[in-house]
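Text of the file target25.pdb, holding PDB, C-alpha atoms:
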ATOM      1  CA  GLY A   1      32.681  18.141  87.243  1.00  0.00           C
ATOM      2  CA  LYS A   2      35.646  17.823  89.575  1.00  0.00           C
ATOM      3  CA  GLY A   3      34.586  16.539  92.977  1.00  0.00           C
ATOM      4  CA  GLY A   4      30.991  16.120  91.841  1.00  0.00           C
ATOM      5  CA  GLN A   5      28.492  13.307  91.348  1.00  0.00           C
ATOM      6  CA  PRO A   6      26.112  12.302  88.535  1.00  0.00           C
ATOM      7  CA  GLY A   7      23.361  14.896  88.459  1.00  0.00           C
ATOM      8  CA  GLY A   8      24.804  17.906  90.232  1.00  0.00           C
ATOM      9  CA  PRO A   9      25.112  20.938  87.927  1.00  0.00           C
ATOM     10  CA  ILE A  10      24.052  18.874  84.900  1.00  0.00           C
ATOM     11  CA  GLY A  11      20.992  17.280  86.491  1.00  0.00           C
ATOM     12  CA  SER A  12      18.437  19.753  85.118  1.00  0.00           C
ATOM     13  CA  LEU A  13      20.008  19.548  81.662  1.00  0.00           C
ATOM     14  CA  ALA A  14      19.804  15.755  81.736  1.00  0.00           C
ATOM     15  CA  ALA A  15      16.133  15.937  82.719  1.00  0.00           C
ATOM     16  CA  ALA A  16      15.406  18.399  79.901  1.00  0.00           C
ATOM     17  CA  LEU A  17      17.135  16.156  77.389  1.00  0.00           C
ATOM     18  CA  GLU A  18      15.204  13.096  78.547  1.00  0.00           C
ATOM     19  CA  SER A  19      11.944  15.033  78.198  1.00  0.00           C
ATOM     20  CA  GLU A  20      12.922  15.566  74.544  1.00  0.00           C
ATOM     21  CA  GLY A  21      13.387  11.815  74.066  1.00  0.00           C
ATOM     22  CA  VAL A  22      17.175  11.828  74.375  1.00  0.00           C
ATOM     23  CA  LYS A  23      18.769   8.818  76.044  1.00  0.00           C
ATOM     24  CA  VAL A  24      21.127   9.956  78.814  1.00  0.00           C
ATOM     25  CA  VAL A  25      23.823   8.165  80.802  1.00  0.00           C
ATOM     26  CA  MET A  26      25.708   9.982  83.581  1.00  0.00           C
ATOM     27  CA  PRO A  27      28.658   7.825  84.692  1.00  0.00           C
ATOM     28  CA  VAL A  28      30.498   8.132  87.988  1.00  0.00           C
ATOM     29  CA  MET A  29      33.964   9.371  87.040  1.00  0.00           C
ATOM     30  CA  ALA A  30      37.278   8.776  88.805  1.00  0.00           C
ATOM     31  CA  TRP A  31      37.411  12.400  90.002  1.00  0.00           C
ATOM     32  CA  SER A  32      34.024  12.232  91.735  1.00  0.00           C
ATOM     33  CA  GLY A  33      33.753  13.448  95.305  1.00  0.00           C
ATOM     34  CA  SER A  34      31.892  16.150  97.182  1.00  0.00           C
ATOM     35  CA  ARG A  35      31.855  19.944  97.352  1.00  0.00           C
ATOM     36  CA  GLY A  36      34.168  20.223  94.376  1.00  0.00           C
ATOM     37  CA  GLN A  37      36.910  18.087  95.893  1.00  0.00           C
ATOM     38  CA  PRO A  38      37.772  14.660  94.391  1.00  0.00           C
ATOM     39  CA  SER A  39      37.813  11.700  96.764  1.00  0.00           C
ATOM     40  CA  SER A  40      41.216  10.697  95.375  1.00  0.00           C
ATOM     41  CA  TYR A  41      43.513  10.649  92.371  1.00  0.00           C
ATOM     42  CA  ASN A  42      44.272   6.943  92.163  1.00  0.00           C
ATOM     43  CA  VAL A  43      43.251   6.293  88.558  1.00  0.00           C
ATOM     44  CA  PRO A  44      45.328   7.855  85.735  1.00  0.00           C
ATOM     45  CA  TYR A  45      43.386  10.227  83.499  1.00  0.00           C
ATOM     46  CA  SER A  46      43.696   7.971  80.446  1.00  0.00           C
ATOM     47  CA  GLN A  47      42.219   5.072  82.395  1.00  0.00           C
ATOM     48  CA  ALA A  48      39.516   7.265  83.915  1.00  0.00           C
ATOM     49  CA  LEU A  49      38.247   8.061  80.413  1.00  0.00           C
ATOM     50  CA  ASN A  50      37.410   4.364  79.963  1.00  0.00           C
ATOM     51  CA  ALA A  51      34.231   5.017  81.948  1.00  0.00           C
ATOM     52  CA  ILE A  52      32.999   6.889  78.885  1.00  0.00           C
ATOM     53  CA  ASP A  53      33.451   3.744  76.785  1.00  0.00           C
ATOM     54  CA  THR A  54      31.153   1.939  79.216  1.00  0.00           C
ATOM     55  CA  ALA A  55      28.598   4.751  79.054  1.00  0.00           C
ATOM     56  CA  VAL A  56      28.632   4.720  75.246  1.00  0.00           C
ATOM     57  CA  ALA A  57      28.102   0.936  75.250  1.00  0.00           C
ATOM     58  CA  LYS A  58      25.096   1.375  77.555  1.00  0.00           C
ATOM     59  CA  LEU A  59      23.588   3.953  75.204  1.00  0.00           C
ATOM     60  CA  ARG A  60      24.054   1.718  72.178  1.00  0.00           C
ATOM     61  CA  ALA A  61      22.469  -1.168  74.083  1.00  0.00           C
ATOM     62  CA  ARG A  62      19.454   1.089  74.627  1.00  0.00           C
ATOM     63  CA  GLY A  63      19.192   1.732  70.897  1.00  0.00           C
ATOM     64  CA  ALA A  64      21.020   5.057  70.605  1.00  0.00           C
ATOM     65  CA  THR A  65      22.475   5.620  67.146  1.00  0.00           C
ATOM     66  CA  LYS A  66      23.888   9.150  67.470  1.00  0.00           C
ATOM     67  CA  ILE A  67      26.218   9.555  70.423  1.00  0.00           C
ATOM     68  CA  VAL A  68      27.226  12.921  71.890  1.00  0.00           C
ATOM     69  CA  ILE A  69      29.758  13.218  74.711  1.00  0.00           C
ATOM     70  CA  ALA A  70      29.130  16.198  76.982  1.00  0.00           C
ATOM     71  CA  GLY A  71      30.328  17.447  80.338  1.00  0.00           C
ATOM     72  CA  GLN A  72      30.683  20.399  82.682  1.00  0.00           C
ATOM     73  CA  SER A  73      33.980  21.693  84.136  1.00  0.00           C
ATOM     74  CA  LEU A  74      36.426  18.763  84.408  1.00  0.00           C
ATOM     75  CA  GLY A  75      33.705  16.702  82.741  1.00  0.00           C
ATOM     76  CA  ALA A  76      33.939  19.025  79.733  1.00  0.00           C
ATOM     77  CA  ASN A  77      37.709  18.612  79.806  1.00  0.00           C
ATOM     78  CA  ALA A  78      37.172  14.846  79.731  1.00  0.00           C
ATOM     79  CA  ALA A  79      34.666  15.066  76.878  1.00  0.00           C
ATOM     80  CA  ILE A  80      37.214  16.969  74.789  1.00  0.00           C
ATOM     81  CA  ALA A  81      40.030  14.562  75.697  1.00  0.00           C
ATOM     82  CA  TYR A  82      37.898  11.533  74.865  1.00  0.00           C
ATOM     83  CA  ALA A  83      36.631  12.869  71.535  1.00  0.00           C
ATOM     84  CA  ALA A  84      40.169  13.868  70.546  1.00  0.00           C
ATOM     85  CA  ARG A  85      41.263  10.247  70.874  1.00  0.00           C
ATOM     86  CA  LYS A  86      38.155   8.227  70.024  1.00  0.00           C
ATOM     87  CA  PRO A  87      36.071  10.258  67.577  1.00  0.00           C
ATOM     88  CA  SER A  88      34.839   7.234  65.639  1.00  0.00           C
ATOM     89  CA  GLY A  89      31.117   6.731  66.055  1.00  0.00           C
ATOM     90  CA  LEU A  90      30.489  10.060  67.780  1.00  0.00           C
ATOM     91  CA  ALA A  91      28.020  12.602  66.404  1.00  0.00           C
ATOM     92  CA  GLY A  92      29.415  15.517  68.385  1.00  0.00           C
ATOM     93  CA  ILE A  93      30.989  16.821  71.567  1.00  0.00           C
ATOM     94  CA  ALA A  94      29.756  19.475  73.995  1.00  0.00           C
ATOM     95  CA  ALA A  95      31.817  21.384  76.552  1.00  0.00           C
ATOM     96  CA  LEU A  96      29.750  23.321  79.098  1.00  0.00           C
ATOM     97  CA  ALA A  97      31.747  25.676  81.333  1.00  0.00           C
ATOM     98  CA  PRO A  98      35.006  23.793  80.719  1.00  0.00           C
ATOM     99  CA  GLY A  99      37.356  23.632  83.673  1.00  0.00           C
ATOM    100  CA  HIS A 100      40.653  22.244  84.983  1.00  0.00           C
ATOM    101  CA  THR A 101      43.451  23.992  83.109  1.00  0.00           C
ATOM    102  CA  PRO A 102      46.844  22.459  83.981  1.00  0.00           C
ATOM    103  CA  ASP A 103      48.534  24.592  81.317  1.00  0.00           C
ATOM    104  CA  ARG A 104      47.526  27.682  83.336  1.00  0.00           C
ATOM    105  CA  MET A 105      48.220  26.409  86.860  1.00  0.00           C
ATOM    106  CA  ARG A 106      50.951  28.756  88.035  1.00  0.00           C
ATOM    107  CA  ARG A 107      50.588  28.654  91.810  1.00  0.00           C
ATOM    108  CA  PRO A 108      53.974  27.783  93.425  1.00  0.00           C
ATOM    109  CA  GLU A 109      52.571  24.826  95.375  1.00  0.00           C
ATOM    110  CA  MET A 110      51.138  23.323  92.183  1.00  0.00           C
ATOM    111  CA  LEU A 111      54.366  23.767  90.221  1.00  0.00           C
ATOM    112  CA  ALA A 112      56.375  22.188  93.046  1.00  0.00           C
ATOM    113  CA  ALA A 113      53.957  19.269  93.307  1.00  0.00           C
ATOM    114  CA  VAL A 114      54.136  18.592  89.567  1.00  0.00           C
ATOM    115  CA  MET A 115      57.937  18.493  89.750  1.00  0.00           C
ATOM    116  CA  ARG A 116      57.819  16.126  92.749  1.00  0.00           C
ATOM    117  CA  ALA A 117      55.345  13.834  91.015  1.00  0.00           C
ATOM    118  CA  ARG A 118      57.508  13.776  87.880  1.00  0.00           C
ATOM    119  CA  ASP A 119      60.565  12.861  89.942  1.00  0.00           C
ATOM    120  CA  LEU A 120      58.731  10.008  91.660  1.00  0.00           C
ATOM    121  CA  VAL A 121      57.461   8.649  88.349  1.00  0.00           C
ATOM    122  CA  ALA A 122      60.956   8.911  86.823  1.00  0.00           C
ATOM    123  CA  GLN A 123      62.329   6.968  89.800  1.00  0.00           C
ATOM    124  CA  GLY A 124      59.823   4.173  89.273  1.00  0.00           C
ATOM    125  CA  GLN A 125      57.733   5.233  92.269  1.00  0.00           C
ATOM    126  CA  GLY A 126      54.633   6.257  90.378  1.00  0.00           C
ATOM    127  CA  LYS A 127      52.418   4.178  92.670  1.00  0.00           C
ATOM    128  CA  ALA A 128      53.648   6.049  95.727  1.00  0.00           C
ATOM    129  CA  SER A 129      50.683   7.561  97.563  1.00  0.00           C
ATOM    130  CA  ASP A 130      50.706  11.030  99.128  1.00  0.00           C
ATOM    131  CA  LEU A 131      48.674  14.179  99.641  1.00  0.00           C
ATOM    132  CA  TRP A 132      48.748  16.539  96.651  1.00  0.00           C
ATOM    133  CA  PRO A 133      47.561  20.121  96.151  1.00  0.00           C
ATOM    134  CA  ASP A 134      44.715  20.738  93.733  1.00  0.00           C
ATOM    135  CA  LEU A 135      42.599  23.656  92.546  1.00  0.00           C
ATOM    136  CA  ASN A 136      38.941  24.137  91.793  1.00  0.00           C
ATOM    137  CA  GLN A 137      37.700  27.593  90.794  1.00  0.00           C
ATOM    138  CA  GLY A 138      40.473  29.275  92.770  1.00  0.00           C
ATOM    139  CA  ARG A 139      40.046  27.138  95.898  1.00  0.00           C
ATOM    140  CA  VAL A 140      43.139  25.199  97.007  1.00  0.00           C
ATOM    141  CA  PHE A 141      42.882  21.860  98.821  1.00  0.00           C
ATOM    142  CA  THR A 142      44.757  18.562  99.114  1.00  0.00           C
ATOM    143  CA  VAL A 143      43.800  15.200  97.645  1.00  0.00           C
ATOM    144  CA  ASN A 144      45.251  11.772  98.344  1.00  0.00           C
ATOM    145  CA  GLY A 145      46.535   9.909  95.307  1.00  0.00           C
ATOM    146  CA  THR A 146      49.411   8.196  93.580  1.00  0.00           C
ATOM    147  CA  ALA A 147      52.154  10.236  91.977  1.00  0.00           C
ATOM    148  CA  ALA A 148      51.445   8.832  88.505  1.00  0.00           C
ATOM    149  CA  ALA A 149      47.685   9.390  88.641  1.00  0.00           C
ATOM    150  CA  TYR A 150      48.053  12.898  90.045  1.00  0.00           C
ATOM    151  CA  LEU A 151      50.626  13.825  87.415  1.00  0.00           C
ATOM    152  CA  SER A 152      48.329  12.594  84.640  1.00  0.00           C
ATOM    153  CA  PHE A 153      45.747  15.204  85.704  1.00  0.00           C
ATOM    154  CA  VAL A 154      48.026  18.188  86.319  1.00  0.00           C
ATOM    155  CA  ASP A 155      50.853  17.825  83.792  1.00  0.00           C
ATOM    156  CA  GLN A 156      50.636  20.903  81.569  1.00  0.00           C
ATOM    157  CA  ASP A 157      51.576  18.751  78.571  1.00  0.00           C
ATOM    158  CA  GLY A 158      49.399  15.808  79.595  1.00  0.00           C
ATOM    159  CA  LEU A 159      46.001  14.464  78.582  1.00  0.00           C
ATOM    160  CA  ALA A 160      44.106  17.183  80.470  1.00  0.00           C
ATOM    161  CA  ALA A 161      45.524  20.050  78.378  1.00  0.00           C
ATOM    162  CA  MET A 162      42.387  21.295  76.606  1.00  0.00           C
ATOM    163  CA  PRO A 163      43.949  23.496  73.891  1.00  0.00           C
ATOM    164  CA  LYS A 164      46.085  20.589  72.697  1.00  0.00           C
ATOM    165  CA  ASN A 165      43.142  18.191  72.736  1.00  0.00           C
ATOM    166  CA  ALA A 166      40.853  20.649  70.968  1.00  0.00           C
ATOM    167  CA  ALA A 167      43.357  20.872  68.113  1.00  0.00           C
ATOM    168  CA  ARG A 168      42.624  17.195  67.418  1.00  0.00           C
ATOM    169  CA  LEU A 169      38.859  17.653  67.185  1.00  0.00           C
ATOM    170  CA  SER A 170      37.087  17.409  63.852  1.00  0.00           C
ATOM    171  CA  LEU A 171      33.568  16.679  65.146  1.00  0.00           C
ATOM    172  CA  PRO A 172      30.715  19.166  65.575  1.00  0.00           C
ATOM    173  CA  PHE A 173      31.698  21.017  68.743  1.00  0.00           C
ATOM    174  CA  LEU A 174      29.364  22.909  71.078  1.00  0.00           C
ATOM    175  CA  TYR A 175      31.211  25.209  73.498  1.00  0.00           C
ATOM    176  CA  VAL A 176      29.126  27.083  76.058  1.00  0.00           C
ATOM    177  CA  ILE A 177      30.673  29.537  78.505  1.00  0.00           C
ATOM    178  CA  GLY A 178      29.003  31.790  81.075  1.00  0.00           C
ATOM    179  CA  LYS A 179      29.935  35.448  81.195  1.00  0.00           C
ATOM    180  CA  ASP A 180      30.572  35.091  84.942  1.00  0.00           C
ATOM    181  CA  ASP A 181      32.822  32.062  84.490  1.00  0.00           C
ATOM    182  CA  PRO A 182      36.565  32.680  85.120  1.00  0.00           C
ATOM    183  CA  LEU A 183      37.382  31.033  81.778  1.00  0.00           C
ATOM    184  CA  TYR A 184      35.198  33.541  79.935  1.00  0.00           C
ATOM    185  CA  ALA A 185      38.055  36.069  80.018  1.00  0.00           C
ATOM    186  CA  TYR A 186      40.192  33.759  77.850  1.00  0.00           C
ATOM    187  CA  GLY A 187      37.711  33.991  74.952  1.00  0.00           C
ATOM    188  CA  ARG A 188      37.079  31.557  72.155  1.00  0.00           C
ATOM    189  CA  SER A 189      40.734  31.460  71.124  1.00  0.00           C
ATOM    190  CA  TYR A 190      41.825  29.520  74.222  1.00  0.00           C
ATOM    191  CA  ILE A 191      40.052  26.249  73.330  1.00  0.00           C
ATOM    192  CA  PHE A 192      37.289  26.526  70.740  1.00  0.00           C
ATOM    193  CA  ASP A 193      39.292  28.066  67.905  1.00  0.00           C
ATOM    194  CA  HIS A 194      41.881  25.265  68.109  1.00  0.00           C
ATOM    195  CA  ALA A 195      39.313  22.752  66.845  1.00  0.00           C
ATOM    196  CA  ARG A 196      38.888  22.141  63.139  1.00  0.00           C
ATOM    197  CA  ALA A 197      36.099  24.328  61.747  1.00  0.00           C
ATOM    198  CA  HIS A 198      32.805  22.518  61.246  1.00  0.00           C
ATOM    199  CA  GLY A 199      29.511  23.825  59.916  1.00  0.00           C
ATOM    200  CA  LYS A 200      27.652  22.464  62.937  1.00  0.00           C
ATOM    201  CA  SER A 201      30.056  23.700  65.602  1.00  0.00           C
ATOM    202  CA  ARG A 202      28.853  26.508  67.845  1.00  0.00           C
ATOM    203  CA  TYR A 203      30.503  28.872  70.341  1.00  0.00           C
ATOM    204  CA  VAL A 204      27.887  30.247  72.749  1.00  0.00           C
ATOM    205  CA  GLU A 205      28.199  32.879  75.488  1.00  0.00           C
ATOM    206  CA  ILE A 206      25.392  33.068  78.051  1.00  0.00           C
ATOM    207  CA  ASP A 207      24.547  34.916  81.263  1.00  0.00           C
ATOM    208  CA  ALA A 208      25.680  32.287  83.768  1.00  0.00           C
ATOM    209  CA  GLY A 209      28.419  31.281  86.168  1.00  0.00           C
ATOM    210  CA  HIS A 210      30.530  28.148  86.266  1.00  0.00           C
ATOM    211  CA  LEU A 211      28.050  25.890  88.070  1.00  0.00           C
ATOM    212  CA  ASN A 212      24.743  26.932  86.507  1.00  0.00           C
ATOM    213  CA  THR A 213      25.894  27.032  82.880  1.00  0.00           C
ATOM    214  CA  PRO A 214      24.400  23.587  82.022  1.00  0.00           C
ATOM    215  CA  ASP A 215      21.009  24.661  83.378  1.00  0.00           C
ATOM    216  CA  LYS A 216      21.080  28.010  81.585  1.00  0.00           C
ATOM    217  CA  ALA A 217      22.301  26.350  78.379  1.00  0.00           C
ATOM    218  CA  LYS A 218      19.416  23.891  78.027  1.00  0.00           C
ATOM    219  CA  SER A 219      17.744  25.571  75.069  1.00  0.00           C
ATOM    220  CA  HIS A 220      21.067  26.019  73.253  1.00  0.00           C
ATOM    221  CA  PHE A 221      22.010  22.383  73.843  1.00  0.00           C
ATOM    222  CA  ILE A 222      18.682  21.051  72.595  1.00  0.00           C
ATOM    223  CA  ALA A 223      18.773  23.301  69.511  1.00  0.00           C
ATOM    224  CA  TRP A 224      22.291  22.067  68.748  1.00  0.00           C
ATOM    225  CA  LEU A 225      21.228  18.419  69.041  1.00  0.00           C
ATOM    226  CA  LYS A 226      18.433  19.103  66.564  1.00  0.00           C
ATOM    227  CA  LEU A 227      20.982  20.719  64.265  1.00  0.00           C
ATOM    228  CA  LEU A 228      23.072  17.541  64.426  1.00  0.00           C
ATOM    229  CA  GLY A 229      20.054  15.504  63.407  1.00  0.00           C
ATOM    230  CA  SER A 230      19.122  17.738  60.506  1.00  0.00           C
TER     231      SER A 230
END
Can the structure from this file be put into structure tokens for me?
Amino acid sequence: GKGGQPGGPIGSLAAALESEGVKVVMPVMAWSGSRGQPSSYNVPYSQALNAIDTAVAKLRARGATKIVIAGQSLGANAAIAYAARKPSGLAGIAALAPGHTPDRMRRPEMLAAVMRARDLVAQGQGKASDLWPDLNQGRVFTVNGTAAAYLSFVDQDGLAAMPKNAARLSLPFLYVIGKDDPLYAYGRSYIFDHARAHGKSRYVEIDAGHLNTPDKAKSHFIAWLKLLGS
């Protein structure tokens, strides 16, 4: 997730999967950090997704033949964005408590920052570094980064727009949302229903919040993986 590290909210899920014989790789992503705040935005979102290519290569080198991309919060956003662009060779995609919704960021400071970043990029100053406002579960903070990289994460029409990316999905899609997650109020129509219908796709609501959804979703995730293999 945004401002997280490998393990974190998905650590117990990873351990449960490994106990079932699943090979797991948890890459460090460009938005890693601490306490929900990224260290920086210096790598454009499209380039940040390349870390998933490396993770997939590691899995294949370990003998994995069915690859599933999964993530929590911004990691779920990234899983959807990646699968929308590189579905070849993937068995499925899982979004657990998806987060980071630039298409719904309406706070004045965010809208002003997006406009400023766009102006800098248009003026050929995309590598200009500055402090930028960001959001995580309603908390506002500032992050250092380049105008171009920041814009790639917060542009409402950019690569991080989940509804648009979901509309490009044709893979089996597991979507798990906690009933105490802020995104729960948007229902299945916000993201899940945009994806192409698939007999092995599942929309699951559970009793959980944003951070503990992966832990609470373990049994659902494992059952879905078995469904993919059937």
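Distance-wise, CA of Ala149 (chain A) and CA of Gly126 (chain A) end up 7.8 Å apart.
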So, counting all atoms listed in the file, which residue among A:Ala15, A:Gly158, A:Pro133, A:Val22 is closest to Ala112 (chain A)?
-> A:Pro133
Between A:Ser34, A:Ile206, A:Lys23, A:Ala147, which one has atoms that come closest to Ser219 (chain A), using all atoms listed in the file?
-> A:Ile206
Residue neighbourhood Asp193 (chain A), 10 Å, all atoms listed in the file, exclusion window fewer than 6 positions, as a list in words =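 That gives Pro163, Ala166, Ala167, Gly187 and Tyr203 of chain A.
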note - CA of Gln37 (chain A) and CA of Asn50 (chain A) are separated by 21.0 Å
Pick from A:Gly199, A:Gly145, A:Pro182, A:Gly92 nearest to Ser73 (chain A), counting only C-alpha atoms = A:Pro182
Nearest to Arg168 (chain A) among A:Leu151, A:Ala84, A:Ala185, A:Met110, with distances taken over all atoms listed in the file: which residue is it?
->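 Comparing A:Leu151, A:Ala84, A:Ala185, A:Met110 against Arg168 (chain A), the winner is A:Ala84.
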For Ile10 (chain A), which residue among A:Ala70, A:Gly36, A:Ile93, A:Ala30 is the nearest when counting all atoms listed in the file?
->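 Going through A:Ala70, A:Gly36, A:Ile93, A:Ala30 one by one, the smallest distance to Ile10 (chain A) is for A:Ala70.
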I need the residue set behind the PyMOL selection byres ((chain A and resi 99) around 7) for this file; please write it as a PDB file with C-alpha atoms, keeping the file's coordinate frame.
ATOM      1  CA  SER A  73      33.980  21.693  84.136  1.00  0.00           C
ATOM      2  CA  LEU A  74      36.426  18.763  84.408  1.00  0.00           C
ATOM      3  CA  ALA A  76      33.939  19.025  79.733  1.00  0.00           C
ATOM      4  CA  ASN A  77      37.709  18.612  79.806  1.00  0.00           C
ATOM      5  CA  ALA A  97      31.747  25.676  81.333  1.00  0.00           C
ATOM      6  CA  PRO A  98      35.006  23.793  80.719  1.00  0.00           C
ATOM      7  CA  HIS A 100      40.653  22.244  84.983  1.00  0.00           C
ATOM      8  CA  THR A 101      43.451  23.992  83.109  1.00  0.00           C
TER       9      THR A 101
END
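Put simply, the PyMOL selection byres ((chain A and resi 80) around 9) in this file takes in Ile69, Ala70, Gly71, Gly75, Ala76, Asn77, Ala78, Ala79, Ala81, Tyr82, Ala83, Ala84, Arg85, Ile93, Ala94, Ala95, Ala160, Met162, Asn165, Ala166 and Leu169 of chain A.
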Which residues of region 34-130 of chain A come within 7 Å of region 153-156 of chain A, and what is each one's closest atom pair and distance in Å (one decimal), counting only C-alpha atoms, sorted by chain and residue number, as a Markdown table?
| residue | atom | partner | partner_atom | distance |
| --- | --- | --- | --- | --- |
| A:Tyr45 | CA | A:Phe153 | CA | 5.9 |
| A:Pro102 | CA | A:Gln156 | CA | 4.8 |
| A:Asp103 | CA | A:Gln156 | CA | 4.3 |
| A:Val114 | CA | A:Asp155 | CA | 6.7 |
Spatial neighbours of Ser19 (chain A), 12 Å, all atoms listed in the file, chain gap at least 5 places, as a list in words =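 Result of the neighbour search: Ser12, Leu13, Ala14, Val24, Lys218 and Ile222 of chain A.
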Output for the residues just chosen: C-alpha atoms as a tab-separated table (two decimals), in the coordinates of the input:
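In the end it all went to result_34.tsv:
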chain	number	residue	atom	x	y	z
A	12	SER	CA	18.44	19.75	85.12
A	13	LEU	CA	20.01	19.55	81.66
A	14	ALA	CA	19.80	15.76	81.74
A	24	VAL	CA	21.13	9.96	78.81
A	218	LYS	CA	19.42	23.89	78.03
A	222	ILE	CA	18.68	21.05	72.60
Would you mind telling me which residue in A:Pro38, A:Ser170, A:Gly11, A:Leu49 lies nearest to His194 (chain A) when using all atoms listed in the file?
-> A:Ser170
Closest atom pairs, residues of region 148-230 of chain A within 12 Å of region 5-8 of chain A, only C-alpha atoms, as CSV:
residue,atom,partner,partner_atom,distance
A:Leu211,CA,A:Gly8,CA,8.9
A:Asn212,CA,A:Gly8,CA,9.8
A:Thr213,CA,A:Gly8,CA,11.8
A:Pro214,CA,A:Gly8,CA,10.0
A:Asp215,CA,A:Gly8,CA,10.3
For CA of Gly4 (chain A) and CA of Leu135 (chain A), determine how far apart the two atoms are, in Å to one decimal place.
->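 Those two atoms sit 13.9 Å apart.
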Completed region 46-52 of chain A (all heavy atoms) as a short mmCIF file (atom, residue, chain, number, x, y, z; two decimals), in the coordinates of the input:
data_model
loop_
_atom_site.label_atom_id
_atom_site.label_comp_id
_atom_site.auth_asym_id
_atom_site.auth_seq_id
_atom_site.Cartn_x
_atom_site.Cartn_y
_atom_site.Cartn_z
N SER A 46 43.99 8.79 81.63
CA SER A 46 43.70 7.97 80.45
C SER A 46 42.80 6.80 80.80
O SER A 46 41.87 6.45 80.05
CB SER A 46 44.99 7.47 79.81
OG SER A 46 45.74 6.70 80.73
N GLN A 47 43.04 6.20 81.95
CA GLN A 47 42.22 5.07 82.40
C GLN A 47 40.84 5.55 82.85
O GLN A 47 39.83 4.86 82.64
CB GLN A 47 42.93 4.34 83.52
CG GLN A 47 42.23 3.07 84.00
CD GLN A 47 43.01 2.37 85.11
OE1 GLN A 47 44.24 2.50 85.21
NE2 GLN A 47 42.31 1.64 85.96
N ALA A 48 40.79 6.72 83.46
CA ALA A 48 39.52 7.26 83.92
C ALA A 48 38.55 7.47 82.75
O ALA A 48 37.34 7.31 82.89
CB ALA A 48 39.75 8.59 84.65
N LEU A 49 39.10 7.82 81.58
CA LEU A 49 38.25 8.06 80.41
C LEU A 49 37.56 6.80 79.92
O LEU A 49 36.60 6.86 79.15
CB LEU A 49 39.08 8.67 79.28
CG LEU A 49 39.65 10.07 79.55
CD1 LEU A 49 40.47 10.54 78.35
CD2 LEU A 49 38.56 11.08 79.87
N ASN A 50 38.04 5.62 80.38
CA ASN A 50 37.41 4.36 79.96
C ASN A 50 35.97 4.27 80.43
O ASN A 50 35.17 3.52 79.86
CB ASN A 50 38.20 3.17 80.49
CG ASN A 50 39.56 3.02 79.83
OD1 ASN A 50 39.80 3.57 78.76
ND2 ASN A 50 40.46 2.29 80.47
N ALA A 51 35.62 5.02 81.48
CA ALA A 51 34.23 5.02 81.95
C ALA A 51 33.29 5.54 80.87
O ALA A 51 32.12 5.18 80.83
CB ALA A 51 34.10 5.86 83.22
N ILE A 52 33.82 6.38 79.98
CA ILE A 52 33.00 6.89 78.89
C ILE A 52 32.72 5.78 77.88
O ILE A 52 31.62 5.71 77.31
CB ILE A 52 33.67 8.10 78.22
CG1 ILE A 52 33.89 9.21 79.26
CG2 ILE A 52 32.83 8.63 77.06
CD1 ILE A 52 34.62 10.43 78.74
#
